[in-house]
Amino acid sequence: MPRILSIDYGQKRTGIAVTDEMQIIASGLTTIPTHTLIDFLKDYFTKEKVEAVLIGEPKQMNGQPSESASVIKGFVTHFSNIFPDMKVIRVDERFTSKMAFQTIIDSGLSKKQRQNKGLIDEISATIMLQDYLSSKRF
């Protein structure tokens with residue numbers, strides 16, 4: 001069974017998570033500089049079978065698009081032009097960064113490790129993906 005990949009897109013860096021081949025567990029894959037994202041994905045898609053890519057959709061508390069929504073929408077368009085056969089699923093990413101930071105605190109990492117914003121991005125992508133997997137089961 002092909003994997004599902006999740007992207008927590010940011011202007012500087014992007015967190016990436018992926019499922020196992022059975023699409024049961026979401027795991028953090030990496031955080032990379034955003035300017036290298038397309039090359040990373042081209043390489044990854046040649047090595048692994050991926051059926052869909054989740055991309056976070058930033059929203060405000062009232063459900064309206066956030067300020068960064070237009071930047072991410074531009075990335076989605078660019079992504080779809082480069083990978084026209086790849087299914088793109090947009091998912092609400094509200095609270096994922098806060099949940100990721102709380103996960104880091106709860107895991108007992110040191111203060112220096114908690115300041116690693118790349119780790120927060122990777123965990124955010126993992127949370128989005130695990131939420132998606134959980135919603136598919138019901």
# chains A, B, ... in the order shown; residues from 1 in each chain; ligands from 1
call {"tool": "residues_around", "arguments": {"residues": "stretch 23-38 of chain A", "least_positions_apart": "6", "cutoff": "12 Å", "atoms": "only C-alpha atoms", "output": "count of residues only"}}
result
56
call {"tool": "residues_around", "arguments": {"residues": "stretch 88-93 of chain A", "least_positions_apart": "3", "cutoff": "6 Å", "atoms": "only C-alpha atoms", "output": "PyMOL selection string"}}
result
chain A and resi 52-58+96
call {"tool": "write_last_selection", "arguments": {"atoms": "all heavy atoms", "output": "CSV table (one decimal), in the first residue's frame"}}
result
chain,number,residue,atom,x,y,z
A,52,ALA,N,-0.9,10.2,-1.8
A,52,ALA,CA,-1.5,11.5,-1.5
A,52,ALA,C,-0.6,12.3,-0.6
A,52,ALA,O,0.2,11.7,0.1
A,52,ALA,CB,-2.8,11.3,-0.8
A,53,VAL,N,-0.7,13.6,-0.8
A,53,VAL,CA,0.0,14.5,0.1
A,53,VAL,C,-0.9,15.4,0.8
A,53,VAL,O,-1.8,16.1,0.1
A,53,VAL,CB,1.0,15.4,-0.8
A,53,VAL,CG1,1.7,16.4,0.0
A,53,VAL,CG2,2.0,14.5,-1.5
A,54,LEU,N,-0.8,15.5,2.1
A,54,LEU,CA,-1.6,16.4,2.9
A,54,LEU,C,-0.8,17.7,3.0
A,54,LEU,O,0.4,17.7,3.3
A,54,LEU,CB,-1.8,15.9,4.3
A,54,LEU,CG,-2.5,14.6,4.6
A,54,LEU,CD1,-2.6,14.3,6.1
A,54,LEU,CD2,-3.9,14.6,3.9
A,55,ILE,N,-1.5,18.8,2.8
A,55,ILE,CA,-0.9,20.1,3.0
A,55,ILE,C,-1.8,20.9,3.9
A,55,ILE,O,-3.0,21.0,3.7
A,55,ILE,CB,-0.7,20.8,1.7
A,55,ILE,CG1,0.2,20.0,0.7
A,55,ILE,CG2,-0.1,22.2,1.9
A,55,ILE,CD1,0.3,20.5,-0.7
A,56,GLY,N,-1.1,21.5,5.0
A,56,GLY,CA,-1.9,22.2,6.0
A,56,GLY,C,-2.6,23.4,5.4
A,56,GLY,O,-2.0,24.1,4.5
A,57,GLU,N,-3.7,23.7,5.9
A,57,GLU,CA,-4.5,24.9,5.5
A,57,GLU,C,-4.7,25.8,6.7
A,57,GLU,O,-5.4,25.5,7.6
A,57,GLU,CB,-5.9,24.5,5.0
A,57,GLU,CG,-6.6,25.6,4.3
A,57,GLU,CD,-7.8,25.0,3.5
A,57,GLU,OE1,-8.2,23.9,3.7
A,57,GLU,OE2,-8.3,25.8,2.7
A,58,PRO,N,-3.9,26.9,6.8
A,58,PRO,CA,-3.9,27.7,8.0
A,58,PRO,C,-5.2,28.6,8.1
A,58,PRO,O,-5.6,29.2,7.1
A,58,PRO,CB,-2.7,28.6,7.9
A,58,PRO,CG,-2.4,28.7,6.4
A,58,PRO,CD,-2.9,27.4,5.8
A,96,THR,N,-1.9,23.0,15.6
A,96,THR,CA,-0.9,21.9,15.5
A,96,THR,C,0.5,22.4,16.0
A,96,THR,O,1.1,21.6,16.7
A,96,THR,CB,-0.7,21.4,14.0
A,96,THR,OG1,-0.4,22.5,13.2
A,96,THR,CG2,-1.9,20.7,13.5
call {"tool": "select_by_dssp", "arguments": {"residues": "stretch 3-37 of chain A", "states": "strand (DSSP E)", "output": "number ranges by chain"}}
result
A: 3-8, 13-19, 26-33
call {"tool": "atom_distance", "arguments": {"atom1": "atom CA of A:Thr77", "atom2": "atom CA of A:Asn62"}}
result
24.8 Å
call {"tool": "atom_distance", "arguments": {"atom1": "atom CA of A:Pro84", "atom2": "atom CA of A:Thr19"}}
result
21.2 Å
call {"tool": "atom_distance", "arguments": {"atom1": "atom CA of A:Glu67", "atom2": "atom CA of A:Lys87"}}
result
24.8 Å
